[in-house]
Structures are given as structure tokens and as C-alpha cells.
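Enquirer: My questions will all concern the structure given below.
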Amino acid sequence: MDSQTLMMLSEKHIAHTYARYSIVLVRGKGTRVWDKEGREYLDFVSGLAVCNLGHCHPRVVQAIHDQAEKLLHVSNFYYIEPQIQLASLLCRHSFADKVFFCNSGAEANEGALKLARKYAKAKMGGSRYEVITMERSFHGRTLATLTATAQTKYHKGYDPLMPGFKYVPFDKLEALRKAIDEKTCAVLIEPIQGEGGVNIPSEGYLRSLREICDEKGILLIFDEVQVGMGRTGRLFAYEHEGIMPDMLTLAKSLAGGVPIGALLIHKGVGDVFEPGDHASTFGGNPLATAAGVAALTAMLEEGMLKNCERVGNYFFSRLEELKKKFAFVREVRGRGLILGMELELEGGSIVKEMMQRGFLINCTMGNVLRFLPPLIVTEEEVDRMIEALEEVFKGVT
Ligand SMILES: *Cc1c(COP(=O)(O)O)cnc(C)c1O
């Protein structure tokens, strides 16, 4: 079937929740993807921070293949070998001592919200249930995580929203301190905001946030669905801060492209979960967790974090150069290989022109170009993308 027919059928039969670009991607390898016509693209989107290892990483492909021949699925009634292996690996390399597996970022955040409420009822005296989240945050599209997402554009048409949430501005300690009251049980925050425009908090903000949560006896939950799994040059973004959250959520890149979500839980907090309290049919499924073990092992063994830090710094400096050349570039932000370039104009047409030149990039908040290449991207590939971007910028009036 040619791409015109495919796109026509897509419009006809797939719910119109996505505004799509007019290409059908059919193949990927490393930093590159190809469309149905065989056109090649250098990928600076990575399926929205999913393909951190690059497309079709051989170790992930092999693990999926091997697991598919052995066992695709069994119920969580039984012990599941790759699930246990992935949980052990995650705990060995993080602050956590327990993991709850699910299938997406929203679901991981749902788990965190449920556990926070349960923990508050069991350990905080019973009257606390409210969770404070940040303006410009993004936590998912289920009703609870949508409500946690403090951006009204996502709320439209879905009220009544869930009770039990309160919003404060990102990176503002005083506002947060004031918002905490006798009903607060947790703060949920992305250590770097992704969808909200690649917003980096001030130095020391997250450490102070940790102190405030300790002082008030409330839980601190990091949503690292986008910035976890190596994206910032460390396995987890919290590692840059010298602090630890009480819970952390993962999804996107955790299984190298296979759907998965995980809630990482600090010692003590997870103990209030008892059999029957929470569940997911596919959560920790053999196929997904076998892919996860392969993905995490590859990330740790193949120097990807080092490459992410080095190429990320280089990339940042190249974006800064562009900023100096073009007055409509307002700011360059980011860490490792999550980089944002805020413009004084809409970025949508720039994304389209870059696509015509063979480069996939993304734009968020209307005017922030966002770059999320696989962590294996090279300086030479960054140069090629920057060169194309400069050409496109020259045509901007
Ligand atoms: C993508 C994302 C989510 C939602 O993940 P889904 O898998 O789409 O449910 C949640 N939080 C953050 C920070 C994200 O970037």
C-alpha cells in the first residue's frame, strides 16, 4: 500500500487525536529512520525520548526475539523472571528498593498518586490527600494525571477534573511553601519540564524542595518519564542534584521502544501497598521487561551517558552560536540531550521545513524547538542538523 492510501485510511479510521506530518515511517536504525518512499531522516525526536539507545538497538531486538520464543505473557499471579531482573537492576542503580511496573508514563504517575494517598492515610494522620504540582507541567492524559498536569489547554472539555490537586509556579520556592497546608501529602514535579518548554529550575531549587518536603513531612515525587534513562547524561536527572525523591516515575525509554512504565519507590514508602491494592494486567510483562533489561544493560555498558554529556554540551554550544546570529532566538535551555530553543515566533513551520530537509525535530509550547536525539548521536550529526537549521532560519522573515 502506498503512503497516500495509508494516510487516507488513517484519517478515516484512526481517532483524530494527533495532528500528523505527512510521512509514513517504516524503518529505523540508530539515529536514522526511513519513510515508505525510502527517504532518510536524521531523528532528533526519538519517538519523544523513547529511543534513547537509537532505533532497533541490536541487544533490545535480540532480547525481544529470544523472549518472544520463550514466553510472551503470564499473569502477575506468578513470579516473572525478567520482571525480577529489571526491578533488581533499577534498584541497584537508583535510590529505590521497590518497583511497581505498568505500561505508560501516565500509569506510572497514577500509581505514584495512589500510593501517595494510601501512604498519607496510613502514615500521616488521615487528613492529607492533596498533591501539589507545577504550572507548565506534564504528567499524562488519564483523568488524574491530566488534572496533575497544570496546563489548562489539556483540561478543556474534560471537567469535572479530579479533586485533590493544587498548582504553583515552577521554580518558585515561596509560592510552594505557602501552598503546603494540613491537606498536602506530596509534591509531584518534573526535575526538568519537557512538554512545558524544556524548563530547567534554578541551581539549588530541587534541593530546597527536598528540604521543605522533609520539614513538612510530605512526599517528593519526581516524574522522570521524559528526562530519566540517561537523557540528561546521568541515568536519572535527580543524580545531578545530590538529593533523592521518595518516588520516581519512568516510562518512555525504559524498554528501548517497547511500551512500559515503572514507579520506583524509596524504602518504607512502598510498604503500605499490600496484595490487591494496585495492579496492571500487562505491568511487568515478560516481553517488555526482557526488553527493559537489555535496554538498561546496553545503556550502562556502552558509554551512552558519557556520549550524552559530551555531545549534549557540544550541541548546546552550537545552538548558542545560532542564538547569536538570529535575533528571534530568545533562549537556549537544557541538559545533556534534552535541549530547547525558545523563539520569538511560532516554530511549527520550521519543524516542517526541517523535515523536508531530512531532519526530524519537534516544537513544544508553540515556540520552543525541542531536540531529543538518541543518546548515541555524534558531533558530526549535530553539525549536519545545525547547518540545516541555520539555512531554515535564514529564510525566516
Ligand atoms: C510523556 C510524559 C508522560 C506521559 O507518558 P505516557 O506514556 O504518554 O502516558 C508523563 N510525564 C512526562 C514528564 C512525560 O514527558
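Ordering of the C-alpha cells sets the chain letters (A, B, ...), residue numbers begin anew at 1 in every chain, and ligands are numbered from 1 in the order given.
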Grab me every residue within 8 Å of ligand 1, counting only C-alpha atoms and all ligand atoms, and send it over as a PDB file with N, CA and C atoms, in the first residue's frame.
Expert:
```pdb
ATOM      1  N   LEU A  48       9.792  10.816  20.828  1.00  0.00           N
ATOM      2  CA  LEU A  48       9.586  11.581  22.050  1.00  0.00           C
ATOM      3  C   LEU A  48      10.343  10.964  23.235  1.00  0.00           C
ATOM      4  N   ASN A 103       2.469   0.267  32.166  1.00  0.00           N
ATOM      5  CA  ASN A 103       2.683   0.284  30.716  1.00  0.00           C
ATOM      6  C   ASN A 103       2.898   1.649  30.093  1.00  0.00           C
ATOM      7  N   SER A 104       2.837   2.698  30.892  1.00  0.00           N
ATOM      8  CA  SER A 104       2.990   4.047  30.317  1.00  0.00           C
ATOM      9  C   SER A 104       3.373   5.030  31.419  1.00  0.00           C
ATOM     10  N   GLY A 105       3.707   6.230  30.968  1.00  0.00           N
ATOM     11  CA  GLY A 105       4.075   7.276  31.917  1.00  0.00           C
ATOM     12  C   GLY A 105       2.892   7.709  32.765  1.00  0.00           C
ATOM     13  N   ALA A 106       1.744   7.871  32.117  1.00  0.00           N
ATOM     14  CA  ALA A 106       0.555   8.292  32.854  1.00  0.00           C
ATOM     15  C   ALA A 106       0.227   7.272  33.948  1.00  0.00           C
ATOM     16  N   GLU A 107       0.331   6.014  33.582  1.00  0.00           N
ATOM     17  CA  GLU A 107       0.016   4.954  34.545  1.00  0.00           C
ATOM     18  C   GLU A 107       1.018   4.919  35.701  1.00  0.00           C
ATOM     19  N   ALA A 108       2.275   5.190  35.390  1.00  0.00           N
ATOM     20  CA  ALA A 108       3.283   5.244  36.456  1.00  0.00           C
ATOM     21  C   ALA A 108       2.937   6.376  37.418  1.00  0.00           C
ATOM     22  N   ASN A 109       2.517   7.529  36.859  1.00  0.00           N
ATOM     23  CA  ASN A 109       2.132   8.647  37.720  1.00  0.00           C
ATOM     24  C   ASN A 109       0.847   8.349  38.502  1.00  0.00           C
ATOM     25  N   SER A 137       3.516  21.932  33.825  1.00  0.00           N
ATOM     26  CA  SER A 137       3.929  20.529  33.968  1.00  0.00           C
ATOM     27  C   SER A 137       3.234  19.665  32.935  1.00  0.00           C
ATOM     28  N   PHE A 138       3.725  18.440  32.794  1.00  0.00           N
ATOM     29  CA  PHE A 138       3.007  17.434  32.014  1.00  0.00           C
ATOM     30  C   PHE A 138       3.171  16.081  32.686  1.00  0.00           C
ATOM     31  N   HIS A 139       2.051  15.438  33.013  1.00  0.00           N
ATOM     32  CA  HIS A 139       2.128  14.158  33.720  1.00  0.00           C
ATOM     33  C   HIS A 139       1.303  13.052  33.079  1.00  0.00           C
ATOM     34  N   GLY A 140       0.632  13.334  31.958  1.00  0.00           N
ATOM     35  CA  GLY A 140      -0.115  12.281  31.273  1.00  0.00           C
ATOM     36  C   GLY A 140      -1.549  12.677  30.988  1.00  0.00           C
ATOM     37  N   ARG A 141      -2.319  11.748  30.392  1.00  0.00           N
ATOM     38  CA  ARG A 141      -3.653  12.065  29.887  1.00  0.00           C
ATOM     39  C   ARG A 141      -4.786  11.301  30.553  1.00  0.00           C
ATOM     40  N   THR A 142      -4.513  10.460  31.542  1.00  0.00           N
ATOM     41  CA  THR A 142      -5.627   9.878  32.289  1.00  0.00           C
ATOM     42  C   THR A 142      -6.247  11.001  33.124  1.00  0.00           C
ATOM     43  N   THR A 145      -3.900  12.139  36.021  1.00  0.00           N
ATOM     44  CA  THR A 145      -2.627  12.750  35.611  1.00  0.00           C
ATOM     45  C   THR A 145      -2.869  13.998  34.765  1.00  0.00           C
ATOM     46  N   GLU A 190       8.449  17.457  37.608  1.00  0.00           N
ATOM     47  CA  GLU A 190       9.489  17.016  36.671  1.00  0.00           C
ATOM     48  C   GLU A 190      10.772  17.789  37.025  1.00  0.00           C
ATOM     49  N   GLN A 193      11.280  20.299  33.140  1.00  0.00           N
ATOM     50  CA  GLN A 193       9.994  20.192  32.442  1.00  0.00           C
ATOM     51  C   GLN A 193      10.220  19.980  30.953  1.00  0.00           C
ATOM     52  N   GLY A 194       9.606  18.928  30.408  1.00  0.00           N
ATOM     53  CA  GLY A 194       9.774  18.605  28.993  1.00  0.00           C
ATOM     54  C   GLY A 194       8.747  19.290  28.113  1.00  0.00           C
ATOM     55  N   GLU A 195       7.496  18.796  28.157  1.00  0.00           N
ATOM     56  CA  GLU A 195       6.432  19.358  27.311  1.00  0.00           C
ATOM     57  C   GLU A 195       6.230  20.847  27.584  1.00  0.00           C
ATOM     58  N   ASP A 223       8.762  13.059  38.447  1.00  0.00           N
ATOM     59  CA  ASP A 223       8.330  12.477  37.179  1.00  0.00           C
ATOM     60  C   ASP A 223       9.510  12.557  36.209  1.00  0.00           C
ATOM     61  N   GLU A 224      10.206  11.420  36.040  1.00  0.00           N
ATOM     62  CA  GLU A 224      11.346  11.363  35.118  1.00  0.00           C
ATOM     63  C   GLU A 224      11.000  10.543  33.871  1.00  0.00           C
ATOM     64  N   VAL A 225       9.722  10.579  33.525  1.00  0.00           N
ATOM     65  CA  VAL A 225       9.285   9.821  32.350  1.00  0.00           C
ATOM     66  C   VAL A 225      10.056  10.286  31.101  1.00  0.00           C
ATOM     67  N   GLN A 226      10.281  11.600  31.000  1.00  0.00           N
ATOM     68  CA  GLN A 226      10.996  12.119  29.830  1.00  0.00           C
ATOM     69  C   GLN A 226      12.499  12.264  30.059  1.00  0.00           C
ATOM     70  N   VAL A 227      12.903  12.680  31.265  1.00  0.00           N
ATOM     71  CA  VAL A 227      14.324  13.004  31.471  1.00  0.00           C
ATOM     72  C   VAL A 227      15.114  11.882  32.137  1.00  0.00           C
ATOM     73  N   ALA A 251       9.050   5.722  32.139  1.00  0.00           N
ATOM     74  CA  ALA A 251       8.320   5.016  31.073  1.00  0.00           C
ATOM     75  C   ALA A 251       9.163   5.159  29.805  1.00  0.00           C
ATOM     76  N   LYS A 252       8.653   5.966  28.890  1.00  0.00           N
ATOM     77  CA  LYS A 252       9.288   6.235  27.593  1.00  0.00           C
ATOM     78  C   LYS A 252      10.455   5.321  27.210  1.00  0.00           C
ATOM     79  N   PRO A 259       6.491  -0.658  24.959  1.00  0.00           N
ATOM     80  CA  PRO A 259       5.701   0.048  25.976  1.00  0.00           C
ATOM     81  C   PRO A 259       5.939  -0.502  27.383  1.00  0.00           C
ATOM     82  N   ILE A 260       6.217   0.398  28.307  1.00  0.00           N
ATOM     83  CA  ILE A 260       6.459   0.009  29.708  1.00  0.00           C
ATOM     84  C   ILE A 260       6.353   1.260  30.574  1.00  0.00           C
ATOM     85  N   GLY A 261       6.040   1.087  31.831  1.00  0.00           N
ATOM     86  CA  GLY A 261       6.093   2.173  32.796  1.00  0.00           C
ATOM     87  C   GLY A 261       6.580   1.588  34.107  1.00  0.00           C
TER      88      GLY A 261
END
```
Enquirer: I need the residues in stretch 154-326 of chain A that are helix (DSSP H, G or I) according to DSSP; give them as a PyMOL selection string.
Expert: chain A and resi 154-155+173-179+205-216+237-240+252-255+269-272+286-301+304-325
Enquirer: With stretch 233-238 of chain A as the partner and 10 Å as the cut-off, tabulate the residues of stretch 107-218 of chain A that qualify, each row holding the nearest pair of atoms and their distance in Å to one decimal, using only C-alpha atoms, sorted by chain and rising number, as a tab-separated table.
Expert:
```
residue	atom	partner	partner_atom	distance
A:Glu190	CA	A:Ala237	CA	9.3
A:Pro191	CA	A:Ala237	CA	6.7
A:Ile192	CA	A:Ala237	CA	7.9
A:Leu206	CA	A:Tyr238	CA	8.6
A:Arg207	CA	A:Tyr238	CA	9.6
```
Enquirer: Residues of the last selection are to be written out with N, CA and C atoms, as a PDB file, in the first residue's frame.
Expert:
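And here is the file that came out, selection_35.pdb:
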```pdb
ATOM      1  N   GLU A 190       8.449  17.457  37.608  1.00  0.00           N
ATOM      2  CA  GLU A 190       9.489  17.016  36.671  1.00  0.00           C
ATOM      3  C   GLU A 190      10.772  17.789  37.025  1.00  0.00           C
ATOM      4  N   PRO A 191      11.883  17.104  37.272  1.00  0.00           N
ATOM      5  CA  PRO A 191      13.122  17.821  37.601  1.00  0.00           C
ATOM      6  C   PRO A 191      13.566  18.752  36.472  1.00  0.00           C
ATOM      7  N   ILE A 192      13.236  18.406  35.232  1.00  0.00           N
ATOM      8  CA  ILE A 192      13.304  19.332  34.097  1.00  0.00           C
ATOM      9  C   ILE A 192      11.972  19.176  33.377  1.00  0.00           C
ATOM     10  N   LEU A 206      15.751  22.309  43.584  1.00  0.00           N
ATOM     11  CA  LEU A 206      15.264  20.959  43.914  1.00  0.00           C
ATOM     12  C   LEU A 206      15.772  20.503  45.281  1.00  0.00           C
ATOM     13  N   ARG A 207      16.985  20.932  45.622  1.00  0.00           N
ATOM     14  CA  ARG A 207      17.495  20.604  46.966  1.00  0.00           C
ATOM     15  C   ARG A 207      16.629  21.270  48.036  1.00  0.00           C
TER      16      ARG A 207
END
```
Enquirer: For stretch 59-75 of chain A, please output as number ranges by chain all residues within 9 Å (counting only C-alpha atoms; exclusion window: fewer than 5 positions along the same chain).
Expert: A: 80, 255-257, 281-282, 285-288, 290-295, 297-298
Enquirer: Please produce a file of the residues just selected, as a short mmCIF file (atom, residue, chain, number, x, y, z; two decimals), in the first residue's frame, where the atoms kept are all heavy atoms.
Expert:
```cif
data_model
loop_
_atom_site.label_atom_id
_atom_site.label_comp_id
_atom_site.auth_asym_id
_atom_site.auth_seq_id
_atom_site.Cartn_x
_atom_site.Cartn_y
_atom_site.Cartn_z
N ILE A 80 7.79 -13.62 37.68
CA ILE A 80 8.19 -13.42 36.29
C ILE A 80 9.67 -13.05 36.24
O ILE A 80 10.07 -12.00 36.77
CB ILE A 80 7.31 -12.32 35.65
CG1 ILE A 80 5.83 -12.77 35.63
CG2 ILE A 80 7.81 -11.96 34.26
CD1 ILE A 80 4.84 -11.70 35.22
N ALA A 255 12.29 0.61 28.13
CA ALA A 255 12.47 -0.70 27.47
C ALA A 255 12.91 -0.55 26.01
O ALA A 255 12.64 -1.41 25.18
CB ALA A 255 11.20 -1.53 27.58
N GLY A 256 13.60 0.54 25.70
CA GLY A 256 14.20 0.72 24.39
C GLY A 256 13.20 0.78 23.25
O GLY A 256 13.56 0.52 22.09
N GLY A 257 11.94 1.10 23.52
CA GLY A 257 10.94 1.23 22.46
C GLY A 257 9.71 0.36 22.67
O GLY A 257 8.72 0.48 21.95
N THR A 281 -2.63 -5.65 34.36
CA THR A 281 -2.54 -6.95 33.68
C THR A 281 -1.19 -7.11 32.97
O THR A 281 -0.49 -8.11 33.14
CB THR A 281 -3.67 -7.10 32.65
OG1 THR A 281 -4.91 -7.04 33.33
CG2 THR A 281 -3.57 -8.42 31.89
N PHE A 282 -0.84 -6.09 32.18
CA PHE A 282 0.40 -6.19 31.41
C PHE A 282 1.62 -5.70 32.19
O PHE A 282 2.74 -5.82 31.69
CB PHE A 282 0.27 -5.35 30.14
CG PHE A 282 -0.52 -6.01 29.04
CD1 PHE A 282 -1.61 -5.36 28.48
CD2 PHE A 282 -0.16 -7.25 28.55
CE1 PHE A 282 -2.34 -5.95 27.45
CE2 PHE A 282 -0.88 -7.85 27.52
CZ PHE A 282 -1.97 -7.20 26.96
N ASN A 285 5.19 -7.26 32.20
CA ASN A 285 5.05 -8.36 31.24
C ASN A 285 6.43 -8.89 30.81
O ASN A 285 7.38 -8.13 30.66
CB ASN A 285 4.24 -7.77 30.07
CG ASN A 285 4.32 -8.54 28.80
OD1 ASN A 285 5.33 -8.51 28.12
ND2 ASN A 285 3.24 -9.22 28.45
N PRO A 286 6.57 -10.22 30.60
CA PRO A 286 7.87 -10.80 30.27
C PRO A 286 8.55 -10.14 29.06
O PRO A 286 9.75 -9.85 29.10
CB PRO A 286 7.54 -12.27 29.95
CG PRO A 286 6.30 -12.55 30.72
CD PRO A 286 5.54 -11.26 30.78
N LEU A 287 7.79 -9.87 28.01
CA LEU A 287 8.38 -9.28 26.81
C LEU A 287 8.93 -7.88 27.09
O LEU A 287 10.08 -7.56 26.77
CB LEU A 287 7.34 -9.19 25.68
CG LEU A 287 7.91 -8.73 24.34
CD1 LEU A 287 8.73 -9.83 23.69
CD2 LEU A 287 6.80 -8.26 23.40
N ALA A 288 8.11 -7.04 27.73
CA ALA A 288 8.52 -5.65 27.99
C ALA A 288 9.71 -5.60 28.95
O ALA A 288 10.64 -4.82 28.75
CB ALA A 288 7.34 -4.87 28.56
N ALA A 290 11.94 -8.00 29.56
CA ALA A 290 13.15 -8.55 28.92
C ALA A 290 13.80 -7.47 28.07
O ALA A 290 15.03 -7.30 28.07
CB ALA A 290 12.80 -9.78 28.08
N ALA A 291 12.98 -6.72 27.33
CA ALA A 291 13.50 -5.59 26.55
C ALA A 291 14.12 -4.55 27.48
O ALA A 291 15.17 -3.98 27.18
CB ALA A 291 12.38 -4.97 25.72
N GLY A 292 13.48 -4.33 28.63
CA GLY A 292 13.98 -3.36 29.60
C GLY A 292 15.35 -3.75 30.15
O GLY A 292 16.24 -2.91 30.28
N VAL A 293 15.52 -5.01 30.46
CA VAL A 293 16.81 -5.49 30.97
C VAL A 293 17.90 -5.25 29.91
O VAL A 293 18.98 -4.72 30.21
CB VAL A 293 16.75 -6.99 31.34
CG1 VAL A 293 18.14 -7.55 31.63
CG2 VAL A 293 15.83 -7.20 32.54
N ALA A 294 17.58 -5.57 28.66
CA ALA A 294 18.55 -5.37 27.58
C ALA A 294 18.86 -3.89 27.38
O ALA A 294 20.02 -3.50 27.22
CB ALA A 294 18.02 -5.98 26.28
N ALA A 295 17.82 -3.05 27.43
CA ALA A 295 18.00 -1.62 27.21
C ALA A 295 18.84 -0.99 28.31
O ALA A 295 19.79 -0.24 28.05
CB ALA A 295 16.64 -0.92 27.11
N THR A 297 20.90 -2.48 30.40
CA THR A 297 22.25 -3.02 30.37
C THR A 297 23.06 -2.34 29.26
O THR A 297 24.21 -1.94 29.47
CB THR A 297 22.21 -4.55 30.12
OG1 THR A 297 21.26 -5.12 31.03
CG2 THR A 297 23.56 -5.19 30.36
N ALA A 298 22.46 -2.20 28.08
CA ALA A 298 23.16 -1.55 26.97
C ALA A 298 23.52 -0.11 27.33
O ALA A 298 24.65 0.34 27.09
CB ALA A 298 22.28 -1.58 25.71
#
```
Enquirer: Would you please work out which residue, of A:Arg231, A:Arg92, A:Lys123, A:His240, is nearest to A:Gly204 when using only C-alpha atoms?
Expert: A:His240
Enquirer: Nearest to A:Glu110: which of A:Leu188, A:Leu176, A:Val24, A:Leu6 is it, counting only C-alpha atoms?
Expert: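 That would be A:Leu188, the residue with the smallest distance to A:Glu110.
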Enquirer: Please identify all polymer residues within 10 Å of A:Glu130, counting only C-alpha atoms, omitting same-chain residues fewer than 6 positions from it, and present them as a ChimeraX atom specification.
Expert: /A:113,116-117,120,163-166,180-187
Enquirer: Which one of A:Thr289, A:Ser22, A:Ser3, A:Thr31 sits closest to A:Ser88 if you count only C-alpha atoms?
Expert: A:Thr289
Enquirer: Which is closer to A:Met341 than all the others in A:Glu174, A:Glu321, A:Glu302, A:Asp214, using only C-alpha atoms?
Expert: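 Comparing A:Glu174, A:Glu321, A:Glu302, A:Asp214 against A:Met341, the winner is A:Glu321.
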Enquirer: Which residues are close to A:Ser253, i.e. within 7 Å by only C-alpha atoms, leaving aside same-chain residues fewer than 5 positions away? Reply as a list in words.
Expert: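 The residues satisfying every condition are Ala49, Val50, Cys51, Asn52 and Met229 of chain A.
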Enquirer: Using backbone DSSP assignments, extract all strand (DSSP E or B) residues from stretch 279-351 of chain A; output them as an MDAnalysis selection string.
Expert: chainID A and resid 329:335 338:343
Enquirer: Taking 2 positions as the minimum chain separation for residues in the same chain, which residues sit within 10 Å of A:Phe273 when counting only C-alpha atoms? Answer as a CSV table (one decimal) with all heavy atoms, in the first residue's frame.
Expert:
```csv
chain,number,residue,atom,x,y,z
A,100,PHE,N,7.0,-0.7,41.0
A,100,PHE,CA,5.7,-1.2,40.5
A,100,PHE,C,5.8,-1.0,39.0
A,100,PHE,O,6.0,0.1,38.5
A,100,PHE,CB,4.6,-0.5,41.1
A,100,PHE,CG,3.2,-0.9,40.5
A,100,PHE,CD1,2.6,-2.0,40.9
A,100,PHE,CD2,2.7,-0.1,39.5
A,100,PHE,CE1,1.4,-2.4,40.3
A,100,PHE,CE2,1.5,-0.5,38.9
A,100,PHE,CZ,0.8,-1.6,39.3
A,114,LYS,N,-1.7,7.3,43.7
A,114,LYS,CA,-2.5,6.4,44.5
A,114,LYS,C,-1.7,6.0,45.8
A,114,LYS,O,-2.2,6.0,46.9
A,114,LYS,CB,-2.9,5.1,43.7
A,114,LYS,CG,-4.0,5.3,42.8
A,114,LYS,CD,-4.4,4.0,42.0
A,114,LYS,CE,-5.1,3.0,42.9
A,114,LYS,NZ,-5.5,1.8,42.0
A,115,LEU,N,-0.4,5.7,45.5
A,115,LEU,CA,0.5,5.3,46.7
A,115,LEU,C,0.6,6.5,47.7
A,115,LEU,O,0.6,6.3,48.9
A,115,LEU,CB,1.9,4.9,46.2
A,115,LEU,CG,2.8,4.4,47.3
A,115,LEU,CD1,2.2,3.4,48.2
A,115,LEU,CD2,4.1,3.9,46.7
A,118,LYS,N,-2.5,6.6,49.7
A,118,LYS,CA,-2.5,5.5,50.6
A,118,LYS,C,-1.6,5.7,51.8
A,118,LYS,O,-1.9,5.5,52.9
A,118,LYS,CB,-2.2,4.2,49.8
A,118,LYS,CG,-2.3,2.9,50.6
A,118,LYS,CD,-3.6,2.1,50.1
A,118,LYS,CE,-4.1,1.2,51.2
A,118,LYS,NZ,-3.3,0.0,51.5
A,119,TYR,N,-0.3,6.1,51.4
A,119,TYR,CA,0.7,6.4,52.4
A,119,TYR,C,0.2,7.4,53.4
A,119,TYR,O,0.4,7.3,54.6
A,119,TYR,CB,2.0,6.8,51.7
A,119,TYR,CG,3.1,7.0,52.6
A,119,TYR,CD1,3.9,5.9,53.0
A,119,TYR,CD2,3.5,8.3,53.1
A,119,TYR,CE1,5.0,6.1,53.9
A,119,TYR,CE2,4.5,8.5,54.0
A,119,TYR,CZ,5.3,7.4,54.4
A,119,TYR,OH,6.4,7.6,55.2
A,269,VAL,N,8.3,3.6,52.0
A,269,VAL,CA,7.1,4.2,51.4
A,269,VAL,C,6.2,3.1,50.7
A,269,VAL,O,5.0,3.1,50.8
A,269,VAL,CB,7.4,5.3,50.3
A,269,VAL,CG1,6.2,5.9,49.7
A,269,VAL,CG2,8.2,6.4,51.0
A,270,GLY,N,6.9,2.2,50.1
A,270,GLY,CA,6.2,1.1,49.4
A,270,GLY,C,5.5,0.1,50.3
A,270,GLY,O,4.6,-0.7,49.8
A,271,ASP,N,5.8,0.1,51.5
A,271,ASP,CA,5.3,-0.9,52.4
A,271,ASP,C,3.8,-0.8,52.7
A,271,ASP,O,3.2,-1.8,53.1
A,271,ASP,CB,6.0,-0.9,53.8
A,271,ASP,CG,7.5,-1.1,53.7
A,271,ASP,OD1,7.9,-1.6,52.6
A,271,ASP,OD2,8.3,-0.8,54.6
A,275,PRO,N,-1.1,-6.8,48.8
A,275,PRO,CA,-1.7,-7.5,47.7
A,275,PRO,C,-3.2,-7.1,47.5
A,275,PRO,O,-3.9,-7.0,48.4
A,275,PRO,CB,-1.6,-9.0,48.2
A,275,PRO,CG,-0.4,-9.0,49.0
A,275,PRO,CD,-0.4,-7.7,49.7
A,276,GLY,N,-3.5,-6.7,46.2
A,276,GLY,CA,-4.8,-6.3,45.9
A,276,GLY,C,-5.0,-4.8,45.8
A,276,GLY,O,-5.9,-4.3,45.3
A,277,ASP,N,-4.0,-4.0,46.3
A,277,ASP,CA,-4.1,-2.6,46.4
A,277,ASP,C,-4.0,-1.9,45.0
A,277,ASP,O,-4.5,-0.8,44.8
A,277,ASP,CB,-3.0,-2.0,47.3
A,277,ASP,CG,-3.4,-2.1,48.8
A,277,ASP,OD1,-4.6,-2.4,49.0
A,277,ASP,OD2,-2.6,-1.8,49.7
A,278,HIS,N,-3.2,-2.5,44.2
A,278,HIS,CA,-2.9,-1.9,42.9
A,278,HIS,C,-2.5,-3.0,41.9
A,278,HIS,O,-1.9,-3.9,42.4
A,278,HIS,CB,-1.9,-0.8,43.0
A,278,HIS,CG,-1.8,0.1,41.8
A,278,HIS,ND1,-2.9,0.6,41.1
A,278,HIS,CD2,-0.7,0.7,41.1
A,278,HIS,CE1,-2.5,1.4,40.1
A,278,HIS,NE2,-1.2,1.4,40.1
```
Enquirer: Rank nothing, just name the residue among A:Lys12, A:Arg27, A:Lys121, A:Arg136 nearest to A:Thr364, using only C-alpha atoms.
Expert: A:Arg136
Enquirer: Using only C-alpha atoms for the distances, tell me which of A:Glu301, A:Asp43, A:Glu274, A:Glu239 is nearest to A:Lys29.
Expert: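 Closest to A:Lys29, using only C-alpha atoms: A:Asp43.
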Enquirer: Near A:Leu90, within 9 Å and counting only C-alpha atoms, which residues show up once chain neighbours fewer than 5 positions away are dropped, as JSON, numbers by chain?
Expert: {"A": [85, 95, 96, 97, 98, 99, 264, 296]}
